[in-house]
Amino acid sequence: MLHETETTKELLKLDDYHVGFRTDRGLAKAVDGVSLALKSGTTLAIVGESGSGKTVLNRGIMGLLGSNIIEKGSVKFQNEELVNTDRQKFWGKKMAMIFQDPMTSLNPVMKVGKQVSEPLRLHQGMTRKEARKRTVELFTLVGIPEPDKRFDEYPHQLSGGMRQRVMISIALAIEPDLLIADEPTTSLDVTVQKYILDLLVEIQTQSEMAMIIITHDLGVARGRADEIMVMYGGRVMEHAPAETLFLEMAHPYTSALLSSIPKINDPKHTRLTPIEGFPPDIVDGPSGCKFAPRCKYAQETCLETHPETTTKGAHSYACYYPVGSDAGKEALERNTKRGQTAAGLKIRSKEEVI
Amino acid sequence: MAGSGNNHLRDGLDNILLRIENLVVEFPSGRKQKVHAVSDVSFDILEGETLGIVGESGCGKSTTAKAVIQLPKPTAGNVFYEGTDLTSLDKEGMRQKRPSIQMIYQDPISSLNPRRTVFNIVNEGTRVWATEHGAAQEKKVGEIIEAVGLDPDEARKRRPHEYSGGQCQRISVARALVLDPQVIICDEPVSSLDVSVQARILNMLQDMKAEYKLTLLFISHDLSVVKNVSDRVAVMYLGKICEIGDGDLIYEQPSHPYTRLLLAAIPDPENKHQAISDVLEGELPSPLDPPSGCRFRTRCPRATQKCAEEEPEFQQLEGKDHWVACHFPHIDSNEKLASPDEIPWPPTE
């Protein structure tokens, strides 16, 4: 999955990164060999359903997962190896994270202004007065009206969108080199979502920081990210520049994910195409391709070994029978003829699936 | 925004199943203040039709749905179900009507009793109402559980926590269907589900609707989902309906400034309304003290003095099933893609 780029500064580089959790049943492989490279000033969107490992991957990068984990592989941030080291020295200085739920991520008994100015005083040694001034500036930057008044309010006095803006200003307070936004707009209304996403992109372009947006919504990813990475069962299924992904979609999972979403331009009562089956068990999952049991293209080879990553320029995917290729068409034809895939999934029209 | 007047109600049709007139729901909020959750909302639903209500959080869409089934009773207004005014019924009278209007809730896991088996949960209605007895009852419940795509034998043994979110939502649907209702109110039924599961639940709702001849009131904040499911769509803002009518018409040609802004915000890359560059300024006003006149005027790019003084009434557009409550709607069909400098400002009457 690595992109062979010229030696421009790679801010973050992951090579065959694994994260496992010890459980009673065995090792839960939440992230199963992810490689990627991220340059300063670019945005990567990580897309996948719940349980695909996207949050664990990013918490792994940040080092927020606690001691019950097993980490393997390599994570290099500004050329420093992070795996199995304490990453706390980066927090609040070089890396920042925006969490999914703005309602519960703020301290309810602390004024929001104080929550923003605390890292400034702690990490940048500002005085109380300077920190307040900077906080008000940040509030203005993220579009909080009456910033001076809001400084002395508590989280419950703010709406969801305002709270998320406070979270963003906390993350931006220290001008990080890497910002990870974990589903930053999932709990927000569409109009607020648009504002927050536009704001993040605007700040990112101005400040040359690198950003990772985690989302389950391909629509959010497209148009705002430079690159999109699709994850499933802890593995990278497809990784491409945003427009390439939509134009030359290669992985059956990406295509299945996209066609299961209701589109705004479709007429009413358009029948949706769901993905049959269930997400894989990460403790005792399929030995071949993780998506094979739910894939319409699945052949015998898919069940045996996980496909190697194929790379075409900046576009890479892990599939033996990619969508649109001759091999893919043949595989689909074969499965249609025998009425089921190699994994035993019945090929049914979307009307038959309940 | 909008919305006084009942011009948009369809009179003279004999297959009107639900007719909600001038529904008002207010909650006391201390210091003699009131939360104006729903103010003067009217709509009707024909038999076999799906009405989608869409709006941002806090616009009163869930409160409207709950007021339809009298939970709680609305402050004012009438809810006619098959010609009977539900608001005038006593407790027992309403109880008799409840089996025909069922509800599916947002969070599938917390709306099911964790200590009972799934079969027992679905069976509850038939047991209370004794619509069937003994083997017939068992058979009926089994059939419904099978119809929503679950295994009835497993349902006897297993409890909700042993099922996934999508399966729990299927159980909720089965529970709603078991008493042969005519109307099902779906309050954000797919909001907490993954996209691939969401597609299956939406397809299933469509199938069940056809099979059991249901009428749906479907509430969601997701505009694409509402469009997919609904025949007609009502857009709500701060306790009022601002635009109502045929789903395809509204999405093709949004006329209310708020609907346009809402559609422009959808992150679908193929969304043609993304070109609309007006911005939704400010925050939702407090429902304790809603703005005078049109409720959307404080954030509306087209608002004038008239909007503050006079509440707009519903007007029909081009004689079609498309009603908008706005003094200055975007009517010209070419205008929807116009750049903001071409939109007259201030709007001329």
# chains A, B, ... in the order shown; residues from 1 in each chain; ligands from 1
>>> closest_atom_pairs(of="chain A", to="chain B", cutoff="7 Å", atoms="only C-alpha atoms", output="CSV")
residue,atom,partner,partner_atom,distance
A:Glu49,CA,B:Asp194,CA,6.2
A:Ser50,CA,B:Asp194,CA,6.8
A:Asp189,CA,B:Glu56,CA,5.8
A:Val190,CA,B:Ala265,CA,5.7
A:Thr191,CA,B:Ala265,CA,5.3
A:Lys194,CA,B:Ala265,CA,5.6
A:Gly219,CA,B:Asp268,CA,4.6
A:Val220,CA,B:Pro267,CA,5.4
A:Arg222,CA,B:Pro269,CA,6.6
A:Gly223,CA,B:Pro269,CA,7.0
A:Leu257,CA,B:Ser196,CA,6.5
A:Ser260,CA,B:Ser196,CA,5.5
A:Ile261,CA,B:Val195,CA,6.2
A:Pro262,CA,B:Ser224,CA,5.7
A:Lys263,CA,B:Ser224,CA,5.9
A:Ile264,CA,B:Ser224,CA,4.9
A:Asn265,CA,B:Asn271,CA,6.9
A:Pro267,CA,B:Asp248,CA,6.4
A:Lys268,CA,B:Asn228,CA,4.5
A:His269,CA,B:Asn228,CA,4.9
A:Thr270,CA,B:Asn228,CA,6.1
A:Arg271,CA,B:Asn203,CA,6.6
A:Leu272,CA,B:Ala199,CA,5.8
A:Thr273,CA,B:Ala199,CA,6.7
A:Pro274,CA,B:Ala199,CA,5.1
A:Ile275,CA,B:Ser196,CA,5.5
A:Ile354,CA,B:Met204,CA,5.7
>>> write_last_selection(atoms="C-alpha atoms", output="short mmCIF file (atom, residue, chain, number, x, y, z; two decimals), in the first residue's frame")
data_model
loop_
_atom_site.label_atom_id
_atom_site.label_comp_id
_atom_site.auth_asym_id
_atom_site.auth_seq_id
_atom_site.Cartn_x
_atom_site.Cartn_y
_atom_site.Cartn_z
CA GLU A 49 -18.23 0.33 8.61
CA SER A 50 -18.17 0.05 12.37
CA ASP A 189 -27.01 17.98 11.73
CA VAL A 190 -26.21 18.24 8.01
CA THR A 191 -26.00 22.02 7.98
CA LYS A 194 -21.07 21.12 6.30
CA GLY A 219 -19.86 11.42 0.63
CA VAL A 220 -18.03 13.23 3.43
CA ARG A 222 -15.15 12.69 -1.39
CA GLY A 223 -14.44 16.29 -2.23
CA LEU A 257 -20.44 0.11 0.26
CA SER A 260 -25.81 0.53 -0.34
CA ILE A 261 -26.15 4.27 0.33
CA PRO A 262 -29.35 6.05 -0.73
CA LYS A 263 -28.43 8.73 -3.29
CA ILE A 264 -29.99 12.13 -3.32
CA ASN A 265 -30.51 12.07 -7.09
CA PRO A 267 -36.04 8.86 -7.59
CA LYS A 268 -38.08 7.89 -4.55
CA HIS A 269 -38.49 4.21 -3.68
CA THR A 270 -35.27 3.23 -5.47
CA ARG A 271 -34.39 -0.24 -4.30
CA LEU A 272 -31.10 -0.23 -2.39
CA THR A 273 -28.40 -2.87 -2.78
CA PRO A 274 -27.41 -4.03 0.68
CA ILE A 275 -24.30 -6.03 1.57
CA ILE A 354 -34.35 -9.23 3.11
#
>>> residues_around(residues="region 117-127 of chain A", least_positions_apart="5", cutoff="10 Å", atoms="only C-alpha atoms", output="PDB file with N, CA and C atoms, in the first residue's frame")
ATOM      1  N   TRP A  91       1.563  14.574  22.326  1.00  0.00           N
ATOM      2  CA  TRP A  91       0.202  15.065  22.546  1.00  0.00           C
ATOM      3  C   TRP A  91       0.250  16.545  22.894  1.00  0.00           C
ATOM      4  N   GLY A  92      -0.660  17.251  22.351  1.00  0.00           N
ATOM      5  CA  GLY A  92      -0.739  18.661  22.692  1.00  0.00           C
ATOM      6  C   GLY A  92       0.397  19.480  22.110  1.00  0.00           C
ATOM      7  N   LYS A  93       1.284  18.845  21.340  1.00  0.00           N
ATOM      8  CA  LYS A  93       2.348  19.613  20.703  1.00  0.00           C
ATOM      9  C   LYS A  93       2.361  19.383  19.205  1.00  0.00           C
ATOM     10  N   VAL A 112     -15.595  26.300  29.189  1.00  0.00           N
ATOM     11  CA  VAL A 112     -14.995  25.867  27.920  1.00  0.00           C
ATOM     12  C   VAL A 112     -13.720  26.647  27.625  1.00  0.00           C
ATOM     13  N   ARG A 132      -5.891  33.521  27.410  1.00  0.00           N
ATOM     14  CA  ARG A 132      -7.268  33.930  27.174  1.00  0.00           C
ATOM     15  C   ARG A 132      -7.390  34.650  25.828  1.00  0.00           C
ATOM     16  N   LYS A 133      -6.420  35.511  25.568  1.00  0.00           N
ATOM     17  CA  LYS A 133      -6.443  36.259  24.315  1.00  0.00           C
ATOM     18  C   LYS A 133      -6.382  35.296  23.122  1.00  0.00           C
ATOM     19  N   ARG A 134      -5.484  34.322  23.221  1.00  0.00           N
ATOM     20  CA  ARG A 134      -5.317  33.349  22.137  1.00  0.00           C
ATOM     21  C   ARG A 134      -6.590  32.501  21.985  1.00  0.00           C
ATOM     22  N   THR A 135      -7.194  32.124  23.103  1.00  0.00           N
ATOM     23  CA  THR A 135      -8.409  31.317  23.050  1.00  0.00           C
ATOM     24  C   THR A 135      -9.526  32.063  22.335  1.00  0.00           C
ATOM     25  N   VAL A 136      -9.662  33.342  22.660  1.00  0.00           N
ATOM     26  CA  VAL A 136     -10.696  34.137  22.002  1.00  0.00           C
ATOM     27  C   VAL A 136     -10.425  34.210  20.501  1.00  0.00           C
ATOM     28  N   LEU A 138      -8.911  31.898  18.756  1.00  0.00           N
ATOM     29  CA  LEU A 138      -9.260  30.578  18.225  1.00  0.00           C
ATOM     30  C   LEU A 138     -10.767  30.428  18.066  1.00  0.00           C
ATOM     31  N   PHE A 151     -16.297  32.194  26.397  1.00  0.00           N
ATOM     32  CA  PHE A 151     -15.138  31.726  27.154  1.00  0.00           C
ATOM     33  C   PHE A 151     -15.551  31.292  28.551  1.00  0.00           C
ATOM     34  N   SER A 169     -11.179  23.860  18.409  1.00  0.00           N
ATOM     35  CA  SER A 169     -10.230  24.899  18.828  1.00  0.00           C
ATOM     36  C   SER A 169      -9.239  24.358  19.856  1.00  0.00           C
ATOM     37  N   ILE A 170      -9.634  23.362  20.642  1.00  0.00           N
ATOM     38  CA  ILE A 170      -8.659  22.728  21.549  1.00  0.00           C
ATOM     39  C   ILE A 170      -7.574  22.043  20.726  1.00  0.00           C
ATOM     40  N   ALA A 171      -8.038  21.314  19.687  1.00  0.00           N
ATOM     41  CA  ALA A 171      -7.071  20.587  18.862  1.00  0.00           C
ATOM     42  C   ALA A 171      -6.144  21.538  18.111  1.00  0.00           C
ATOM     43  N   ALA A 173      -5.322  24.604  19.070  1.00  0.00           N
ATOM     44  CA  ALA A 173      -4.654  25.569  19.936  1.00  0.00           C
ATOM     45  C   ALA A 173      -3.135  25.473  19.817  1.00  0.00           C
ATOM     46  N   ILE A 174      -2.646  24.252  19.667  1.00  0.00           N
ATOM     47  CA  ILE A 174      -1.203  24.067  19.698  1.00  0.00           C
ATOM     48  C   ILE A 174      -0.616  23.947  18.299  1.00  0.00           C
TER      49      ILE A 174
END
>>> closest_residue(among="A:Thr301, A:Glu308, A:Asp177, A:Lys329", to="Ala342 (chain A)", atoms="only C-alpha atoms")
A:Thr301
>>> closest_residue(among="A:Phe90, A:Phe99, A:Phe278, A:Tyr195", to="Asp182 (chain A)", atoms="only C-alpha atoms")
A:Phe99
>>> closest_residue(among="B:Pro74, B:Pro301, B:Pro287, B:Gly30", to="Lys240 (chain B)", atoms="only C-alpha atoms")
B:Pro287
>>> residues_around(residues="Thr309 (chain A)", least_positions_apart="4", cutoff="8 Å", atoms="only C-alpha atoms", output="list in words")
Met1, Ser316, Tyr317, Ala318 and Cys319 of chain A
>>> select_by_dssp(residues="region 185-344 of chain A", states="alpha helix (DSSP H)", output="VMD selection string")
chain A and resid 190 to 207 218 to 221 242 to 247 252 to 259 300 to 304 326 to 338
